[in-house]
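Q: Contents of structure28.cif (mmCIF, C-alpha atoms and all ligand atoms) are given next:
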data_work
#
loop_
_atom_site.label_atom_id
_atom_site.label_comp_id
_atom_site.auth_asym_id
_atom_site.auth_seq_id
_atom_site.Cartn_x
_atom_site.Cartn_y
_atom_site.Cartn_z
CA MET A 1 -37.46 16.28 19.22
CA GLY A 2 -37.04 12.68 18.05
CA GLU A 3 -35.61 9.66 19.78
CA PRO A 4 -31.86 9.73 20.44
CA SER A 5 -30.04 7.83 17.69
CA THR A 6 -28.44 4.46 18.43
CA SER A 7 -25.03 3.42 17.19
CA SER A 8 -26.58 0.90 14.76
CA GLU A 9 -28.38 3.65 12.79
CA LYS A 10 -26.83 5.15 9.66
CA PRO A 11 -25.33 8.64 10.09
CA LYS A 12 -28.07 11.25 9.79
CA TYR A 13 -26.61 13.20 6.87
CA TRP A 14 -24.95 10.35 4.99
CA ARG A 15 -25.67 10.27 1.29
CA THR A 16 -24.26 8.57 -1.76
CA PRO A 17 -22.06 10.96 -3.76
CA LEU A 18 -23.79 11.94 -6.99
CA ASP A 19 -20.76 10.96 -9.09
CA ILE A 20 -20.09 7.64 -7.35
CA ASP A 21 -20.25 5.73 -10.64
CA LYS A 22 -17.33 7.82 -11.94
CA LEU A 23 -15.10 7.33 -8.90
CA GLN A 24 -12.46 4.64 -9.00
CA MET A 25 -10.45 3.53 -5.97
CA PRO A 26 -6.72 3.85 -6.74
CA LYS A 27 -4.83 0.58 -6.84
CA GLY A 28 -1.12 0.08 -6.48
CA LYS A 29 1.33 -2.59 -7.50
CA VAL A 30 4.22 -3.03 -5.09
CA PHE A 31 7.83 -3.53 -6.18
CA ILE A 32 10.55 -4.44 -3.71
CA ILE A 33 14.26 -4.41 -4.48
CA LYS A 34 15.20 -7.10 -1.97
CA GLU A 35 18.96 -6.57 -2.03
CA ARG A 36 18.65 -2.90 -1.03
CA CYS A 37 16.47 -3.61 1.99
CA LYS A 38 17.91 -3.39 5.51
CA GLY A 39 14.84 -4.84 7.22
CA CYS A 40 13.97 -1.73 9.25
CA GLY A 41 10.25 -2.47 8.90
CA PHE A 42 9.18 1.18 8.41
CA CYS A 43 7.18 0.31 5.31
CA VAL A 44 5.43 -2.56 7.10
CA GLU A 45 4.69 -0.54 10.22
CA TYR A 46 3.33 2.59 8.57
CA CYS A 47 1.42 1.27 5.57
CA PRO A 48 -2.12 2.52 6.21
CA ARG A 49 -3.66 -0.48 4.47
CA ASP A 50 -1.63 -3.26 6.13
CA VAL A 51 -0.39 -4.44 2.75
CA LEU A 52 3.12 -5.49 3.74
CA GLU A 53 4.76 -8.05 5.98
CA LEU A 54 8.40 -8.93 6.58
CA SER A 55 9.37 -12.16 4.89
CA TYR A 56 10.98 -15.07 6.72
CA GLU A 57 13.52 -15.12 3.87
CA PHE A 58 16.81 -13.23 4.10
CA ASN A 59 18.53 -11.16 1.43
CA SER A 60 22.26 -11.59 0.85
CA LYS A 61 23.02 -9.00 3.58
CA GLY A 62 21.08 -11.05 6.11
CA TYR A 63 18.00 -8.86 6.40
CA HIS A 64 14.35 -9.83 6.25
CA TYR A 65 12.77 -7.90 3.40
CA PRO A 66 9.05 -7.13 3.03
CA TYR A 67 6.59 -8.72 0.65
CA PRO A 68 3.03 -7.67 -0.21
CA LYS A 69 0.86 -10.09 1.76
CA ASN A 70 -2.27 -8.22 0.72
CA GLU A 71 -1.47 -6.33 -2.48
CA GLU A 72 -5.16 -5.99 -3.40
CA ALA A 73 -5.53 -3.47 -0.55
CA CYS A 74 -2.78 -1.15 -1.82
CA VAL A 75 -4.11 2.29 -2.78
CA ASN A 76 -0.85 3.55 -4.28
CA CYS A 77 -0.46 6.25 -1.62
CA LYS A 78 3.34 5.87 -1.93
CA LEU A 79 3.95 6.30 1.80
CA CYS A 80 6.18 3.21 1.80
CA ASP A 81 8.10 4.69 -1.11
CA MET A 82 8.65 7.97 0.77
CA LEU A 83 9.59 6.36 4.09
CA CYS A 84 12.07 3.76 2.90
CA PRO A 85 15.58 4.97 3.77
CA GLU A 86 17.14 2.61 1.21
CA PHE A 87 14.88 3.33 -1.80
CA ALA A 88 14.08 -0.37 -1.77
CA ILE A 89 10.33 -0.21 -2.26
CA TYR A 90 8.03 1.64 -4.62
CA THR A 91 4.58 1.33 -6.09
CA VAL A 92 3.02 2.07 -9.45
CA ASP A 93 -0.55 2.64 -10.58
CA ALA A 94 -1.97 -0.85 -11.10
CA THR A 95 -4.90 0.48 -13.12
CA LYS A 96 -2.56 1.38 -15.99
CA GLU A 97 -1.97 -1.50 -18.34
CA LYS A 98 1.39 -0.58 -19.86
CA LYS A 99 4.59 -1.00 -17.87
CA THR A 100 7.59 1.25 -18.28
CA GLU A 101 11.13 -0.03 -18.50
CA VAL A 102 11.80 1.06 -14.90
CA GLU A 103 8.89 -1.03 -13.66
CA LYS A 104 10.14 -4.09 -15.53
CA VAL A 105 13.58 -3.76 -13.93
CA GLY A 106 11.94 -3.69 -10.50
CA ASN A 107 10.30 -7.07 -11.07
S1 LIG A 201 1.55 2.55 -1.51
FE1 LIG A 201 0.51 2.96 0.46
S2 LIG A 201 -1.03 1.34 0.62
FE2 LIG A 201 0.43 0.67 -0.95
S3 LIG A 201 1.94 -0.60 0.14
FE3 LIG A 201 2.75 1.50 0.09
S4 LIG A 201 2.08 2.46 2.00
FE4 LIG A 201 0.81 0.60 1.68
S1 LIG A 202 11.41 0.61 4.66
FE1 LIG A 202 12.82 -0.07 3.03
S2 LIG A 202 14.62 -0.83 4.12
FE2 LIG A 202 12.94 -0.73 5.62
S3 LIG A 202 11.98 -2.81 5.55
FE3 LIG A 202 10.86 -1.51 4.10
S4 LIG A 202 11.88 -1.89 2.10
FE4 LIG A 202 13.28 -2.60 3.72
#
Can the structure from this file be put into structure tokens for me?
Ligand code: SF4
Ligand code: SF4

A:
Amino acid sequence: MGEPSTSSEKPKYWRTPLDIDKLQMPKGKVFIIKERCKGCGFCVEYCPRDVLELSYEFNSKGYHYPYPKNEEACVNCKLCDMLCPEFAIYTVDATKEKKTEVEKVGN
């Protein structure tokens, strides 16, 4: 039996995936329709990558809407999109170059 492992050691069975050069981390681009937002903060609270933050600005209804403070971290999981009760936020695949008409409207 060997020495007990310390927390600073690498996991015993960790290995680099054989196809790591083919894997690409998904990236998302965030679109927010400010006037639809009611400032509930669900998207900010539940984003697993801490991408969003509520703005100090108000929309015309008097609510603080979110903005992507750290858009680089977005993995396009679309959780914010699914949680938003007002359909005020959505993301698209940022690795695709061409934008659709819907995406342009969201800008
Ligand atoms: S798509 Fe996922 S990672 Fe990106 S902002 Fe929404 S919840 Fe966060
Ligand atoms: S979940 Fe929707 S309504 Fe709530 S803060 Fe986010 S964008 Fe606004």

Q: Using all atoms listed in the file, which protein or nucleic acid residues come within 12 Å of Pro85 (chain A)? Drop anything in the same chain fewer than 2 positions from it, and give the result as a PyMOL selection string.

A: chain A and resi 36-43+79-83+87-90

Q: Counting only C-alpha atoms, find the residues whose atoms lie at most 8 Å from (-0.9, 4.8, -2.3) (file coordinates) and write them out as an MDAnalysis selection string.

A: chainID A and resid 26:28 74:79 91

Q: What is the distance, in Å and to one decimal place, between CA of Pro17 (chain A) and CA of Arg49 (chain A)?

A: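 Separating CA of Pro17 (chain A) from CA of Arg49 (chain A) is a distance of 23.2 Å.
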
Q: Using all atoms listed in the file, pick whichever of A:Cys84, A:Met25, A:Val51, A:Val92 has the shortest atom-to-atom distance to ligand LIG 202 (chain A).

A: A:Cys84

Q: To one decimal place in Å, what is the distance between CA of Leu23 (chain A) and atom FE2 of ligand LIG 201 (chain A)?

A: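 Answer for the CA of Leu23 (chain A) to atom FE2 of ligand LIG 201 (chain A) separation: 18.7 Å.
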
Q: Assuming 6 Å of padding per side, give the centre and edge lengths of the axis-aligned box around every listed atom of ligand LIG 202 (chain A), in Å to one decimal and as JSON.

A:
{"center_x": 12.7, "center_y": -1.1, "center_z": 3.9, "size_x": 15.8, "size_y": 15.4, "size_z": 15.5}

Q: Measuring atom to atom with all atoms listed in the file, identify which of A:His64, A:Lys29, A:Tyr56, A:Lys22 is nearest to ligand LIG 202 (chain A).

A: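 So, comparing all the options, the nearest one is A:His64.
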
Q: Of the candidates A:Glu57, A:Glu45, A:Glu35, A:Glu86, which shows the shortest atom-to-atom distance to ligand LIG 201 (chain A), using only C-alpha atoms and all ligand atoms?

A: A:Glu45

Q: What does the structure give for the distance between CA of Tyr46 (chain A) and CA of Ile20 (chain A), in Å to one decimal?

A: 28.8 Å

Q: Rank A:Asp93, A:Val44, A:Gln24, A:Thr16 by their smallest atom-to-atom distance to Lys69 (chain A), using all atoms listed in the file, and report the top residue only.

A: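 Among A:Asp93, A:Val44, A:Gln24, A:Thr16, it is A:Val44 that comes nearest to Lys69 (chain A).
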
Q: Tell me which of A:Ile33, A:Lys96, A:Tyr67, A:Leu18 sits closest to Asp50 (chain A), counting only C-alpha atoms.

A: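 Residue with the minimum atom-to-atom distance to Asp50 (chain A): A:Tyr67.
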
Q: Given all atoms listed in the file as the basis, pick out the residue of A:Leu54, A:Ala94, A:Cys47, A:Ile32 nearest to ligand LIG 201 (chain A).

A: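 Ranking A:Leu54, A:Ala94, A:Cys47, A:Ile32 by distance to ligand LIG 201 (chain A), first place goes to A:Cys47.
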
Q: Would you mind exporting region 37-55 of chain A with N, CA and C atoms, as a PDB file, in the first residue's frame?

A:
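Output below, filename decode27.pdb:
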ATOM      1  N   CYS A  37     -38.356  43.302 -19.549  1.00  0.00           N
ATOM      2  CA  CYS A  37     -37.860  42.819 -18.259  1.00  0.00           C
ATOM      3  C   CYS A  37     -38.651  43.409 -17.091  1.00  0.00           C
ATOM      4  N   LYS A  38     -38.903  42.564 -16.072  1.00  0.00           N
ATOM      5  CA  LYS A  38     -39.557  43.069 -14.858  1.00  0.00           C
ATOM      6  C   LYS A  38     -38.617  42.991 -13.652  1.00  0.00           C
ATOM      7  N   GLY A  39     -37.347  42.807 -13.923  1.00  0.00           N
ATOM      8  CA  GLY A  39     -36.331  42.893 -12.866  1.00  0.00           C
ATOM      9  C   GLY A  39     -36.418  41.842 -11.784  1.00  0.00           C
ATOM     10  N   CYS A  40     -36.953  40.659 -12.111  1.00  0.00           N
ATOM     11  CA  CYS A  40     -37.102  39.618 -11.077  1.00  0.00           C
ATOM     12  C   CYS A  40     -35.758  39.043 -10.631  1.00  0.00           C
ATOM     13  N   GLY A  41     -34.766  39.101 -11.515  1.00  0.00           N
ATOM     14  CA  GLY A  41     -33.423  38.628 -11.158  1.00  0.00           C
ATOM     15  C   GLY A  41     -33.217  37.129 -11.270  1.00  0.00           C
ATOM     16  N   PHE A  42     -34.210  36.378 -11.779  1.00  0.00           N
ATOM     17  CA  PHE A  42     -34.036  34.927 -11.916  1.00  0.00           C
ATOM     18  C   PHE A  42     -32.809  34.597 -12.763  1.00  0.00           C
ATOM     19  N   CYS A  43     -32.695  35.282 -13.878  1.00  0.00           N
ATOM     20  CA  CYS A  43     -31.591  34.980 -14.808  1.00  0.00           C
ATOM     21  C   CYS A  43     -30.243  35.248 -14.144  1.00  0.00           C
ATOM     22  N   VAL A  44     -30.163  36.307 -13.364  1.00  0.00           N
ATOM     23  CA  VAL A  44     -28.915  36.658 -12.677  1.00  0.00           C
ATOM     24  C   VAL A  44     -28.596  35.615 -11.616  1.00  0.00           C
ATOM     25  N   GLU A  45     -29.612  35.257 -10.853  1.00  0.00           N
ATOM     26  CA  GLU A  45     -29.422  34.350  -9.712  1.00  0.00           C
ATOM     27  C   GLU A  45     -29.022  32.945 -10.136  1.00  0.00           C
ATOM     28  N   TYR A  46     -29.628  32.448 -11.214  1.00  0.00           N
ATOM     29  CA  TYR A  46     -29.446  31.041 -11.563  1.00  0.00           C
ATOM     30  C   TYR A  46     -28.461  30.781 -12.684  1.00  0.00           C
ATOM     31  N   CYS A  47     -27.905  31.772 -13.285  1.00  0.00           N
ATOM     32  CA  CYS A  47     -26.890  31.537 -14.326  1.00  0.00           C
ATOM     33  C   CYS A  47     -25.721  30.773 -13.700  1.00  0.00           C
ATOM     34  N   PRO A  48     -25.406  29.599 -14.227  1.00  0.00           N
ATOM     35  CA  PRO A  48     -24.341  28.802 -13.607  1.00  0.00           C
ATOM     36  C   PRO A  48     -22.946  29.370 -13.814  1.00  0.00           C
ATOM     37  N   ARG A  49     -22.805  30.338 -14.698  1.00  0.00           N
ATOM     38  CA  ARG A  49     -21.482  30.895 -14.994  1.00  0.00           C
ATOM     39  C   ARG A  49     -21.327  32.334 -14.504  1.00  0.00           C
ATOM     40  N   ASP A  50     -22.294  32.828 -13.767  1.00  0.00           N
ATOM     41  CA  ASP A  50     -22.217  34.183 -13.202  1.00  0.00           C
ATOM     42  C   ASP A  50     -21.952  35.228 -14.289  1.00  0.00           C
ATOM     43  N   VAL A  51     -22.708  35.104 -15.364  1.00  0.00           N
ATOM     44  CA  VAL A  51     -22.509  35.990 -16.520  1.00  0.00           C
ATOM     45  C   VAL A  51     -23.241  37.324 -16.343  1.00  0.00           C
ATOM     46  N   LEU A  52     -24.363  37.293 -15.625  1.00  0.00           N
ATOM     47  CA  LEU A  52     -25.270  38.438 -15.632  1.00  0.00           C
ATOM     48  C   LEU A  52     -25.259  39.219 -14.326  1.00  0.00           C
ATOM     49  N   GLU A  53     -25.658  40.470 -14.443  1.00  0.00           N
ATOM     50  CA  GLU A  53     -25.799  41.330 -13.263  1.00  0.00           C
ATOM     51  C   GLU A  53     -26.930  42.313 -13.568  1.00  0.00           C
ATOM     52  N   LEU A  54     -27.665  42.708 -12.548  1.00  0.00           N
ATOM     53  CA  LEU A  54     -28.715  43.703 -12.778  1.00  0.00           C
ATOM     54  C   LEU A  54     -28.076  45.079 -12.949  1.00  0.00           C
ATOM     55  N   SER A  55     -28.528  45.790 -13.931  1.00  0.00           N
ATOM     56  CA  SER A  55     -28.007  47.121 -14.223  1.00  0.00           C
ATOM     57  C   SER A  55     -28.529  48.136 -13.202  1.00  0.00           C
TER      58      SER A  55
END
